[in-house]
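Undergrad: Contents of entry_6.txt (compact mmCIF, C-alpha atoms and all ligand atoms) are below:
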```
# COMPACT_ATOMS: atom_id res chain seq x y z
CA MET A 1133 97.69 106.58 84.84
CA ASN A 1134 100.09 104.07 83.40
CA VAL A 1135 99.99 100.61 81.94
CA THR A 1136 102.33 97.72 82.73
CA THR A 1137 102.46 94.02 81.91
CA VAL A 1138 101.37 91.65 84.65
CA THR A 1139 101.98 88.51 82.64
CA ASP A 1140 101.59 87.40 79.06
CA GLY A 1141 98.23 88.79 77.85
CA ILE A 1142 97.30 90.58 81.09
CA PHE A 1143 98.00 94.27 81.63
CA ARG A 1144 97.52 96.55 84.54
CA LEU A 1145 96.15 100.07 84.24
CA SER A 1146 96.93 101.92 87.42
CA ALA A 1147 96.44 105.40 88.87
CA ASN A 1148 97.38 106.77 92.27
CA MET A 1149 94.89 108.82 94.22
CA GLU A 1150 96.32 111.27 96.76
CA ASP A 1151 94.75 113.92 99.00
CA ILE A 1152 91.44 112.13 99.21
CA LEU A 1153 89.37 110.63 101.97
CA PHE A 1154 88.81 107.03 100.94
CA GLU A 1155 85.08 106.28 100.97
CA GLY A 1156 84.73 109.96 101.88
CA LEU A 1157 85.91 109.08 105.39
CA TRP A 1158 89.32 107.44 105.73
CA PRO A 1159 92.51 109.48 105.36
CA VAL A 1160 95.12 107.82 103.13
CA PRO A 1161 98.28 109.73 104.07
CA ASN A 1162 100.35 107.62 101.68
CA GLY A 1163 97.75 107.59 98.92
CA VAL A 1164 96.07 104.61 97.31
CA ALA A 1165 96.57 102.90 93.97
CA MET A 1166 93.55 102.03 91.84
CA ASN A 1167 94.10 99.03 89.58
CA SER A 1168 92.28 97.76 86.55
CA TYR A 1169 93.27 94.74 84.44
CA ILE A 1170 93.04 94.27 80.70
CA ILE A 1171 92.92 90.66 79.56
CA LYS A 1172 93.57 89.81 75.94
CA GLY A 1173 92.39 86.63 74.24
CA GLU A 1174 90.77 86.67 70.83
CA ARG A 1175 88.38 89.04 72.58
CA THR A 1176 89.38 91.59 75.23
CA ALA A 1177 87.99 92.18 78.71
CA ILE A 1178 88.67 94.86 81.32
CA VAL A 1179 88.36 93.80 84.93
CA ASP A 1180 87.10 96.66 87.13
CA GLY A 1181 87.74 100.25 86.26
CA VAL A 1182 90.67 102.53 86.78
CA CYS A 1183 89.19 105.34 88.80
CA GLY A 1184 91.54 108.23 89.20
CA TRP A 1185 91.71 108.31 85.43
CA ASP A 1186 90.98 111.88 84.31
CA GLY A 1187 88.02 110.75 82.17
CA VAL A 1188 89.53 112.28 79.04
CA PRO A 1189 89.33 109.66 76.26
CA GLU A 1190 92.74 110.54 74.86
CA THR A 1191 94.38 109.54 78.18
CA LEU A 1192 92.94 106.06 78.00
CA PHE A 1193 93.54 105.77 74.26
CA ALA A 1194 97.21 106.54 74.82
CA GLN A 1195 97.55 103.79 77.41
CA LEU A 1196 95.65 101.24 75.33
CA GLU A 1197 97.79 102.08 72.34
CA LYS A 1198 100.92 101.18 74.32
CA ILE A 1199 99.66 97.63 74.69
CA ASP A 1200 98.20 97.45 71.21
CA VAL A 1201 94.56 97.27 72.31
CA ASP A 1202 91.95 98.81 70.06
CA PRO A 1203 89.16 100.25 72.31
CA ASP A 1204 86.62 98.79 69.85
CA SER A 1205 87.94 95.30 70.66
CA ILE A 1206 86.92 95.57 74.33
CA ASP A 1207 83.82 93.42 74.41
CA TYR A 1208 83.52 92.80 78.12
CA ILE A 1209 83.67 94.93 81.23
CA ILE A 1210 83.92 92.65 84.24
CA ILE A 1211 82.68 94.29 87.42
CA ASN A 1212 83.84 92.35 90.44
CA HIS A 1213 82.49 94.93 92.85
CA MET A 1214 80.05 97.80 92.46
CA GLU A 1215 81.60 100.31 94.85
CA PRO A 1216 82.15 103.37 92.66
CA ASP A 1217 85.90 103.46 93.24
CA HIS A 1218 85.87 100.51 90.79
CA SER A 1219 82.63 100.88 88.85
CA GLY A 1220 82.42 104.68 88.67
CA TRP A 1221 84.48 104.87 85.50
CA ILE A 1222 81.81 103.10 83.39
CA GLU A 1223 80.12 106.32 82.41
CA ASP A 1224 83.36 107.80 81.08
CA PHE A 1225 84.25 104.55 79.35
CA ARG A 1226 80.92 104.58 77.54
CA LYS A 1227 81.99 107.78 75.79
CA ILE A 1228 84.78 105.79 74.19
CA ARG A 1229 83.07 102.48 73.61
CA PRO A 1230 79.26 102.63 73.80
CA ASN A 1231 78.66 98.92 73.20
CA PHE A 1232 79.96 96.28 75.56
CA THR A 1233 78.69 93.52 77.76
CA ILE A 1234 78.93 93.91 81.52
CA VAL A 1235 79.90 90.68 83.28
CA THR A 1236 79.05 90.77 86.95
CA GLY A 1237 77.46 89.06 89.94
CA ARG A 1238 73.72 88.70 90.41
CA LYS A 1239 73.49 91.24 93.20
CA SER A 1240 75.16 93.94 91.10
CA VAL A 1241 72.21 94.14 88.70
CA PRO A 1242 69.98 96.45 90.77
CA LEU A 1243 72.95 98.64 91.64
CA LEU A 1244 73.91 99.00 87.96
CA GLU A 1245 70.48 100.51 87.39
CA ALA A 1246 70.55 102.59 90.59
CA PHE A 1247 74.04 104.00 90.01
CA PHE A 1248 74.26 104.22 86.21
CA ASN A 1249 70.80 103.49 84.70
CA ILE A 1250 72.25 100.40 83.04
CA THR A 1251 69.77 97.59 82.48
CA ASP A 1252 70.91 95.99 79.18
CA ASP A 1253 73.81 93.84 78.01
CA ILE A 1254 74.47 92.36 81.43
CA MET A 1255 75.84 88.82 81.75
CA VAL A 1256 75.27 87.50 85.27
CA VAL A 1257 77.92 85.10 86.56
CA GLY A 1258 78.36 83.20 89.79
CA ASP A 1259 80.27 80.30 91.28
CA GLY A 1260 81.63 77.97 88.62
CA ASP A 1261 80.68 80.12 85.62
CA THR A 1262 83.29 80.82 82.97
CA LEU A 1263 83.89 83.23 80.12
CA ASP A 1264 85.97 82.06 77.16
CA LEU A 1265 87.88 84.95 75.58
CA GLY A 1266 89.43 82.65 72.97
CA ASP A 1267 93.08 81.81 72.45
CA GLY A 1268 92.96 79.44 75.45
CA ARG A 1269 91.98 82.25 77.82
CA VAL A 1270 89.12 81.10 80.02
CA LEU A 1271 88.06 83.22 82.98
CA ALA A 1272 86.36 81.57 85.96
CA PHE A 1273 84.26 83.40 88.54
CA ALA A 1274 83.65 82.89 92.24
CA GLU A 1275 81.30 84.69 94.58
CA ILE A 1276 83.03 86.19 97.61
CA PRO A 1277 80.10 87.96 99.27
CA ASN A 1278 80.69 90.66 101.85
CA VAL A 1279 84.33 91.27 101.09
CA HIS A 1280 83.22 93.87 101.73
CA TRP A 1281 79.97 94.40 99.80
CA PRO A 1282 77.38 91.63 99.28
CA GLU A 1283 77.69 91.46 95.48
CA THR A 1284 81.45 90.92 95.24
CA ILE A 1285 82.90 88.30 92.92
CA ALA A 1286 86.48 87.35 92.04
CA THR A 1287 87.80 86.68 88.53
CA PHE A 1288 90.42 83.98 87.91
CA ASP A 1289 92.36 83.64 84.67
CA THR A 1290 92.85 79.90 84.30
CA LYS A 1291 95.56 80.32 81.66
CA SER A 1292 98.03 82.29 83.77
CA GLY A 1293 96.76 81.50 87.28
CA THR A 1294 96.04 85.17 87.94
CA LEU A 1295 93.45 85.93 90.62
CA MET A 1296 91.76 89.33 90.40
CA PRO A 1297 89.79 89.61 93.66
CA CYS A 1298 89.14 93.38 93.64
CA ASP A 1299 89.24 94.68 97.24
CA ALA A 1300 90.39 91.39 98.77
CA PHE A 1301 94.17 91.20 99.28
CA GLY A 1302 94.45 94.93 98.61
CA SER A 1303 96.42 97.58 100.43
CA PHE A 1304 96.64 101.33 100.68
CA GLY A 1305 99.77 103.18 99.61
CA SER A 1306 100.43 104.73 96.23
CA VAL A 1307 102.65 102.76 93.90
CA GLY A 1308 105.74 104.15 92.25
CA GLU A 1309 107.78 102.80 89.37
CA ALA A 1310 107.99 99.48 91.18
CA MET A 1311 104.52 98.04 91.57
CA TYR A 1312 105.09 94.27 91.66
CA ASP A 1313 106.42 92.42 94.69
CA ASP A 1314 109.33 91.08 92.64
CA GLU A 1315 110.47 94.66 92.00
CA LEU A 1316 110.35 95.86 95.61
CA ILE A 1317 113.09 95.99 98.22
CA PRO A 1318 112.30 94.55 101.70
CA GLU A 1319 111.72 98.02 103.21
CA GLN A 1320 109.07 98.69 100.58
CA ILE A 1321 107.39 95.35 101.30
CA ASP A 1322 107.34 96.41 105.00
CA PHE A 1323 105.75 99.71 104.00
CA TYR A 1324 102.94 97.90 102.18
CA GLU A 1325 102.51 95.55 105.17
CA ARG A 1326 101.58 98.54 107.35
CA GLU A 1327 99.47 100.01 104.56
CA ALA A 1328 97.69 96.66 104.17
CA ILE A 1329 96.78 96.63 107.87
CA ARG A 1330 95.51 100.21 107.54
CA TYR A 1331 93.43 99.15 104.54
CA TYR A 1332 92.15 95.95 106.12
CA SER A 1333 91.31 97.51 109.48
CA ASN A 1334 89.65 100.59 108.01
CA ILE A 1335 87.45 98.97 105.35
CA VAL A 1336 87.40 95.17 105.71
CA ALA A 1337 87.65 94.59 109.47
CA ALA A 1338 83.93 94.34 110.15
CA PHE A 1339 83.75 91.62 107.48
CA SER A 1340 86.53 89.44 108.81
CA VAL A 1341 84.38 86.29 108.87
CA PRO A 1342 83.40 86.58 105.18
CA ALA A 1343 87.02 87.51 104.39
CA ALA A 1344 88.24 84.30 106.04
CA LYS A 1345 85.64 82.33 104.03
CA ALA A 1346 86.82 83.97 100.80
CA ILE A 1347 90.42 83.01 101.59
CA GLU A 1348 89.30 79.43 102.18
CA LYS A 1349 87.41 79.43 98.90
CA ALA A 1350 90.40 80.76 96.96
CA SER A 1351 92.92 78.42 98.55
CA PRO A 1352 92.40 75.39 96.26
CA LEU A 1353 92.91 77.50 93.12
CA PRO A 1354 96.27 77.12 91.35
CA ILE A 1355 97.12 80.77 92.04
CA ARG A 1356 100.37 82.09 90.55
CA ILE A 1357 99.61 85.81 90.72
CA ILE A 1358 97.33 87.92 92.92
CA ALA A 1359 96.27 91.14 91.25
CA PRO A 1360 94.04 93.18 93.60
CA GLY A 1361 92.07 96.34 92.90
CA HIS A 1362 94.33 98.39 95.21
CA GLY A 1363 98.04 98.31 95.92
CA ILE A 1364 100.83 96.13 94.63
CA VAL A 1365 100.54 92.95 92.56
CA TRP A 1366 101.91 89.76 94.07
CA ARG A 1367 103.60 87.56 91.51
CA LYS A 1368 106.81 86.44 93.24
CA ASP A 1369 105.17 85.35 96.49
CA PRO A 1370 101.36 85.56 96.22
CA MET A 1371 100.99 83.43 99.34
CA LYS A 1372 102.51 86.24 101.42
CA ILE A 1373 99.45 88.45 101.08
CA VAL A 1374 97.19 85.42 101.60
CA LYS A 1375 98.98 84.59 104.87
CA ASP A 1376 98.91 88.26 105.87
CA TYR A 1377 95.15 88.37 105.33
CA ILE A 1378 94.68 85.19 107.39
CA ARG A 1379 96.56 86.99 110.18
CA TYR A 1380 94.60 90.24 109.79
CA ALA A 1381 91.31 88.33 109.97
CA SER A 1382 92.53 86.58 113.14
CA TYR A 1383 93.13 89.99 114.76
CA GLN A 1384 89.37 90.51 114.97
CA LYS A 1385 89.08 88.14 117.91
CA GLY A 1386 92.71 88.38 119.01
CA PRO A 1387 95.17 87.74 120.43
CA CYS A 1388 97.16 89.91 118.04
CA GLU A 1389 100.75 91.14 118.37
CA THR A 1390 102.80 92.07 121.44
CA GLU A 1391 101.53 95.60 121.10
CA VAL A 1392 99.43 98.00 123.13
CA THR A 1393 97.62 101.03 121.75
CA VAL A 1394 97.37 103.94 124.17
CA ILE A 1395 94.49 106.28 123.31
CA TRP A 1396 94.29 109.38 125.42
CA GLY A 1397 92.44 112.67 125.68
CA SER A 1398 92.83 115.34 128.32
CA MET A 1399 91.02 118.60 129.10
CA TYR A 1400 93.56 120.37 131.33
CA ASP A 1401 96.55 117.99 131.25
CA MET A 1402 95.61 116.18 134.46
CA THR A 1403 94.82 112.89 132.72
CA ARG A 1404 97.78 113.49 130.40
CA MET A 1405 100.15 113.38 133.41
CA GLY A 1406 99.61 109.63 133.56
CA VAL A 1407 100.20 108.95 129.86
CA ARG A 1408 104.01 109.08 129.67
CA PRO A 1409 104.50 106.94 132.82
CA ALA A 1410 102.04 104.41 131.38
CA ILE A 1411 103.88 104.22 128.05
CA GLU A 1412 107.27 103.92 129.75
CA ALA A 1413 106.03 101.14 131.99
CA LEU A 1414 104.72 99.21 128.97
CA GLU A 1415 107.87 99.74 126.93
CA ALA A 1416 110.05 98.64 129.85
CA GLU A 1417 108.21 95.31 129.62
CA GLY A 1418 109.12 94.94 125.92
CA ILE A 1419 105.74 96.02 124.55
CA ILE A 1420 105.50 97.97 121.29
CA VAL A 1421 103.30 100.97 122.05
CA HIS A 1422 101.20 102.97 119.60
CA GLU A 1423 100.17 106.31 121.09
CA HIS A 1424 97.17 108.26 119.85
CA LYS A 1425 95.58 111.45 121.08
CA VAL A 1426 91.89 112.28 120.80
CA PRO A 1427 90.83 114.63 119.45
CA GLY A 1428 93.67 114.97 116.99
CA ASP A 1429 94.69 111.65 115.52
CA SER A 1430 92.51 110.22 112.78
CA TRP A 1431 90.16 107.33 113.32
CA GLY A 1432 91.99 105.59 110.48
CA ASP A 1433 95.32 105.72 112.33
CA ILE A 1434 93.82 104.65 115.65
CA ILE A 1435 91.90 101.71 114.19
CA THR A 1436 95.03 100.58 112.33
CA SER A 1437 96.96 100.50 115.61
CA VAL A 1438 94.26 98.83 117.68
CA TRP A 1439 93.67 96.17 115.02
CA SER A 1440 97.11 94.63 115.57
CA SER A 1441 97.30 95.35 119.32
CA THR A 1442 96.51 92.73 121.93
CA GLY A 1443 96.15 95.42 124.59
CA VAL A 1444 94.55 98.85 124.81
CA VAL A 1445 95.01 101.61 127.38
CA LEU A 1446 92.32 104.28 127.52
CA ALA A 1447 93.11 107.52 129.32
CA MET A 1448 90.37 110.11 129.48
CA PRO A 1449 88.59 112.31 131.99
CA THR A 1450 84.94 112.39 132.90
CA TYR A 1451 83.16 115.09 130.91
CA GLU A 1452 79.61 116.19 131.76
CA TYR A 1453 79.17 113.01 133.84
CA LYS A 1454 80.18 110.82 130.88
CA MET A 1455 83.26 109.87 128.89
CA PHE A 1456 85.35 112.53 127.20
CA PRO A 1457 83.30 112.74 123.95
CA PRO A 1458 86.05 112.02 121.38
CA MET A 1459 86.94 108.87 123.35
CA TYR A 1460 83.33 107.75 123.18
CA ALA A 1461 83.31 108.37 119.41
CA ILE A 1462 86.40 106.25 118.69
CA LEU A 1463 85.30 103.44 121.02
CA ASP A 1464 81.92 103.35 119.32
CA GLU A 1465 83.67 103.07 115.95
CA LEU A 1466 86.04 100.35 117.24
CA GLY A 1467 82.93 98.50 118.39
CA LYS A 1468 81.44 98.75 114.91
CA LYS A 1469 84.71 97.48 113.45
CA THR A 1470 84.21 94.40 115.67
CA VAL A 1471 87.47 94.72 117.58
CA ARG A 1472 87.05 91.90 120.09
CA ASN A 1473 88.70 90.46 123.19
CA ARG A 1474 91.39 93.02 123.94
CA LYS A 1475 93.21 93.24 127.27
CA ALA A 1476 92.47 96.72 128.53
CA PHE A 1477 93.03 99.28 131.24
CA ARG A 1478 91.56 102.73 131.83
CA PHE A 1479 92.64 105.66 133.93
CA GLY A 1480 91.58 109.27 134.13
CA SER A 1481 90.71 112.35 136.07
CA TYR A 1482 87.39 113.71 137.31
CA GLY A 1483 86.35 116.95 138.99
CA TRP A 1484 82.95 117.05 140.65
CA SER A 1485 82.03 113.47 140.04
CA GLY A 1486 82.96 110.41 137.97
CA GLY A 1487 80.79 109.00 135.20
CA ALA A 1488 83.17 108.00 132.43
CA GLN A 1489 83.32 104.41 133.64
CA LYS A 1490 79.54 103.97 133.46
CA GLU A 1491 79.42 105.07 129.84
CA LEU A 1492 82.50 102.98 129.00
CA ASP A 1493 80.78 99.89 130.41
CA GLU A 1494 77.69 100.72 128.36
CA VAL A 1495 79.52 101.09 125.03
CA MET A 1496 81.58 97.93 125.60
CA ALA A 1497 78.44 95.93 126.43
CA ARG A 1498 76.45 97.30 123.50
CA HIS A 1499 79.12 96.23 121.02
CA LYS A 1500 79.77 92.93 122.81
CA THR A 1501 83.50 93.64 122.59
CA GLY A 1502 84.58 91.12 125.19
CA TRP A 1503 87.41 93.44 126.27
CA GLU A 1504 88.84 92.41 129.67
CA PHE A 1505 89.58 95.46 131.81
CA LEU A 1506 91.92 95.70 134.77
CA GLU A 1507 90.63 97.71 137.69
CA PRO A 1508 90.60 101.39 136.60
CA VAL A 1509 92.59 104.15 138.27
CA GLU A 1510 90.53 107.30 138.75
CA PHE A 1511 91.73 110.40 140.55
CA LYS A 1512 90.11 113.66 141.59
CA GLY A 1513 91.93 116.45 139.82
CA LYS A 1514 95.67 115.88 139.47
CA PRO A 1515 97.12 112.37 139.87
CA SER A 1516 99.15 111.95 143.06
CA ASP A 1517 102.46 110.09 143.08
CA ALA A 1518 100.57 107.09 144.41
CA ASP A 1519 98.13 107.32 141.47
CA ILE A 1520 101.03 107.39 139.00
CA ASP A 1521 102.62 104.38 140.71
CA LEU A 1522 99.32 102.55 140.47
CA ILE A 1523 98.99 103.39 136.75
CA LYS A 1524 102.51 102.01 136.17
CA ALA A 1525 101.72 98.87 138.16
CA ARG A 1526 98.51 98.29 136.16
CA CYS A 1527 100.45 98.74 132.91
CA ARG A 1528 103.00 96.12 134.01
CA GLU A 1529 100.09 93.80 134.76
CA LEU A 1530 98.60 94.55 131.35
CA ALA A 1531 101.95 93.82 129.69
CA ASP A 1532 102.03 90.41 131.39
CA GLN A 1533 98.51 89.65 130.19
CA VAL A 1534 99.36 90.72 126.65
CA LYS A 1535 102.47 88.53 126.53
CA GLU A 1536 100.59 85.58 127.97
CA ALA A 1537 97.78 85.98 125.41
CA VAL A 1538 100.23 86.25 122.50
CA ALA A 1539 102.06 83.13 123.70
CA SER A 1540 98.75 81.23 123.61
CA LYS A 1541 98.08 82.08 119.96
CA SER A 1542 97.19 79.20 117.69
CA ASP A 1543 100.02 77.81 115.54
CA SER A 1544 97.68 78.03 112.56
CA ILE A 1545 98.00 81.84 112.49
CA PRO A 1546 100.93 82.90 110.29
CA PRO A 1547 103.46 84.98 112.26
CA ALA A 1548 103.94 88.69 111.58
CA PRO A 1549 107.18 89.75 109.91
CA GLU A 1550 109.68 90.74 112.60
CA ASN A 1551 110.65 94.02 110.99
CA ARG A 1552 107.20 95.35 110.15
CA HIS A 1553 107.63 98.40 112.39
CA HIS A 1554 110.82 99.50 110.72
CA GLY A 1555 111.52 101.32 107.50
CA ARG A 1556 108.41 102.76 105.97
CA PRO A 1557 109.74 104.72 103.03
CA SER A 1558 107.37 106.55 100.77
CA VAL A 1559 107.63 104.45 97.64
CA THR A 1560 106.42 107.30 95.51
CA GLU A 1561 109.45 109.45 96.25
FE1 LIG B 1 87.84 99.42 96.48
FE2 LIG B 1 85.02 98.41 98.07
O1 LIG B 1 86.03 99.39 96.87
```
Any chance you could give the structure as structure tokens?
TA:
Amino acid sequence: MNVTTVTDGIFRLSANMEDILFEGLWPVPNGVAMNSYIIKGERTAIVDGVCGWDGVPETLFAQLEKIDVDPDSIDYIIINHMEPDHSGWIEDFRKIRPNFTIVTGRKSVPLLEAFFNITDDIMVVGDGDTLDLGDGRVLAFAEIPNVHWPETIATFDTKSGTLMPCDAFGSFGSVGEAMYDDELIPEQIDFYEREAIRYYSNIVAAFSVPAAKAIEKASPLPIRIIAPGHGIVWRKDPMKIVKDYIRYASYQKGPCETEVTVIWGSMYDMTRMGVRPAIEALEAEGIIVHEHKVPGDSWGDIITSVWSSTGVVLAMPTYEYKMFPPMYAILDELGKKTVRNRKAFRFGSYGWSGGAQKELDEVMARHKTGWEFLEPVEFKGKPSDADIDLIKARCRELADQVKEAVASKSDSIPPAPENRHHGRPSVTE
């Protein structure tokens, strides 16, 4: 855990978490930074908690000492969001400072009791409410429900123009010595771009409509700094992450980028024989291809790739008269993540009978995905040369559809950075 200065009177307490499954589910191969903000007026407030802190009081005392904050002066704990990666530190903090007022949204109240048995000293705030810390430091609050939990609020420091929106505008990726956008080199910004898509697609995607509403709500604010609960702080170009989030939200319904995700699974390599020709055919048409194998690759990686892809190729055999089970599992999850309107193509092998297609149709219909499929290529046993040629031809057709869809994208969607697939250094090295 370390403390740094965001701007005059606002400090960031940050800890990296590595080797965890985020939400107990999502791998974070490059870690994740947990951020908390200390705001000093005549009175002091902490916005969200710094989970990842070891819970030992001396650790926090040492950090507070660096910024000349007496723990006894912390009168307010502002909880923007009740998910325990932000609120879970309260119990440890109580060991240090038993008396404080919790400032939070209306819907957090029952969860404070359910999670921590806290029922007293709660100040409920909502749209338009303010908290005056003295010394000209007035905090304003806004409800941003369902980004990504119903109770979420954002805190805005009117003195410095700092928006603290908790999960919104966050990204995965641990932070190193450089943790502000004005301290990062372009390759590091590119790294966080990919980590932001991973974060958005894995935990916010299903709430893209509320996320777009939250962006709209925040837009009129005189924002100078965006200080999220995860990832880097944006103080040189806060509008970059706002534009990125507008783009990520637009990926829900597509079209997205000139990219195709190829997801494949194979029992005895017969379906696999079509995978390389498919990828080569797509790449020859100028498509960026993300390849994922099931089982094997994580759901987190696959969802990240599909989220920015306009096209998807599914390659799997029939298994027990249905889809290859790990393919079913990831498609069901993509359906829950509300991945809509992709251009798609499927091929695969069968032995005694087909059946994969029927189950694929069922899962696509149940999730109302709106994916448009080209005619599938199915082969009994090994693919013949003619089957491979047909797979390549379908992939060329898919590439055309993808390019056409991308060309029809609305001008109101901010473009992706051109170099976002290059240079992803680990910033913690
Ligand atoms: Fe970072 Fe929804 O918690």
Undergrad: Show me, as a list of chain:residue names, the residues that have an atom within 12 Å of Gly1502 (chain A) when counting all atoms listed in the file, minus same-chain residues fewer than 3 positions from it.
TA: A:Gln1384, A:Lys1385, A:Gly1386, A:Gly1467, A:Thr1470, A:Val1471, A:Arg1472, A:Asn1473, A:Arg1474, A:Lys1475, A:Ala1476, A:Asp1493, A:Val1495, A:Met1496, A:Ala1497, A:Arg1498, A:His1499, A:Phe1505
Undergrad: Which is closest to Ala1272 (chain A) among A:Thr1390, A:Ser1440, A:Thr1139, A:Thr1290, if we use only C-alpha atoms?
TA: A:Thr1290
Undergrad: Residues within 7 Å of ligand LIG 1 (chain B), counting only C-alpha atoms and all ligand atoms: report them as a list in words.
TA: His1213, Glu1215, Pro1216, Asp1217, His1218, His1280, Trp1281, Cys1298, Asp1299, Gly1361 and His1362 of chain A
Undergrad: Neighbouring residues of region 1319-1328 of chain A were defined as those with any atom within 10 Å, considering only C-alpha atoms; residues of the same chain fewer than 2 positions away were excluded. Please report them as a ChimeraX atom specification.
TA: /A:1160-1164,1301-1307,1310,1312-1317,1330-1334,1362-1364,1373,1376-1377,1380,1436-1437,1548-1559
Undergrad: Excluding Ile1211 (chain A) and residues on its chain fewer than 3 positions from it, collect all residues at most 10 Å away from it, counting all atoms listed in the file, and give them as an NGL selection string.
TA: :A and (1178-1181 or 1208 or 1214-1215 or 1218-1219 or 1222 or 1234-1237 or 1240 or 1244 or 1283-1287 or 1298)
Undergrad: Considering only C-alpha atoms, can you say which of A:Ala1381, A:Val1188, A:Val1365, A:Met1311 comes closest to Ser1340 (chain A)?
TA: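 Checking each candidate against Ser1340 (chain A), we get A:Ala1381 as the closest.
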Undergrad: Residues near Pro1230 (chain A), anyone? I mean within 12 Å using all atoms listed in the file, not counting same-chain ones fewer than 6 positions away, as a PyMOL selection string.
TA: chain A and resi 1203-1209+1222-1224+1250+1252-1253
Undergrad: Could you tell me how far CA of Pro1354 (chain A) lies from CA of Ile1276 (chain A), in Å and to one decimal?
TA: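 Value for the CA of Pro1354 (chain A)-CA of Ile1276 (chain A) distance: 17.2 Å.
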Undergrad: Can you fill out region 1264-1269 of chain A with all heavy atoms and hand it back as an mmCIF file, in the coordinates of the input?
TA:
```cif
data_model
loop_
_atom_site.group_PDB
_atom_site.id
_atom_site.type_symbol
_atom_site.label_atom_id
_atom_site.label_comp_id
_atom_site.auth_asym_id
_atom_site.auth_seq_id
_atom_site.Cartn_x
_atom_site.Cartn_y
_atom_site.Cartn_z
ATOM 1 N N ASP A 1264 84.867 82.439 78.045
ATOM 2 C CA ASP A 1264 85.970 82.060 77.160
ATOM 3 C C ASP A 1264 86.283 83.252 76.248
ATOM 4 O O ASP A 1264 85.461 83.650 75.420
ATOM 5 C CB ASP A 1264 85.540 80.840 76.336
ATOM 6 C CG ASP A 1264 86.712 80.246 75.567
ATOM 7 O OD1 ASP A 1264 87.749 80.944 75.431
ATOM 8 O OD2 ASP A 1264 86.593 79.100 75.103
ATOM 9 N N LEU A 1265 87.485 83.814 76.417
ATOM 10 C CA LEU A 1265 87.880 84.950 75.580
ATOM 11 C C LEU A 1265 88.564 84.485 74.299
ATOM 12 O O LEU A 1265 88.960 85.302 73.468
ATOM 13 C CB LEU A 1265 88.837 85.880 76.347
ATOM 14 C CG LEU A 1265 88.277 86.598 77.577
ATOM 15 C CD1 LEU A 1265 89.355 87.448 78.239
ATOM 16 C CD2 LEU A 1265 87.092 87.478 77.201
ATOM 17 N N GLY A 1266 88.721 83.187 74.131
ATOM 18 C CA GLY A 1266 89.430 82.650 72.970
ATOM 19 C C GLY A 1266 90.925 82.612 73.230
ATOM 20 O O GLY A 1266 91.423 83.137 74.237
ATOM 21 N N ASP A 1267 91.636 81.938 72.327
ATOM 22 C CA ASP A 1267 93.080 81.810 72.450
ATOM 23 C C ASP A 1267 93.484 81.136 73.775
ATOM 24 O O ASP A 1267 94.495 81.476 74.395
ATOM 25 C CB ASP A 1267 93.731 83.203 72.341
ATOM 26 C CG ASP A 1267 95.226 83.107 72.033
ATOM 27 O OD1 ASP A 1267 95.653 82.060 71.498
ATOM 28 O OD2 ASP A 1267 95.957 84.067 72.365
ATOM 29 N N GLY A 1268 92.645 80.210 74.223
ATOM 30 C CA GLY A 1268 92.960 79.440 75.450
ATOM 31 C C GLY A 1268 92.752 80.208 76.736
ATOM 32 O O GLY A 1268 93.146 79.765 77.812
ATOM 33 N N ARG A 1269 92.120 81.386 76.640
ATOM 34 C CA ARG A 1269 91.980 82.250 77.820
ATOM 35 C C ARG A 1269 90.559 82.104 78.365
ATOM 36 O O ARG A 1269 89.613 82.709 77.839
ATOM 37 C CB ARG A 1269 92.240 83.687 77.392
ATOM 38 C CG ARG A 1269 92.406 84.647 78.496
ATOM 39 C CD ARG A 1269 93.695 85.429 78.304
ATOM 40 N NE ARG A 1269 94.619 85.133 79.368
ATOM 41 C CZ ARG A 1269 95.917 85.358 79.319
ATOM 42 N NH1 ARG A 1269 96.471 85.842 78.234
ATOM 43 N NH2 ARG A 1269 96.680 85.069 80.342
#
```
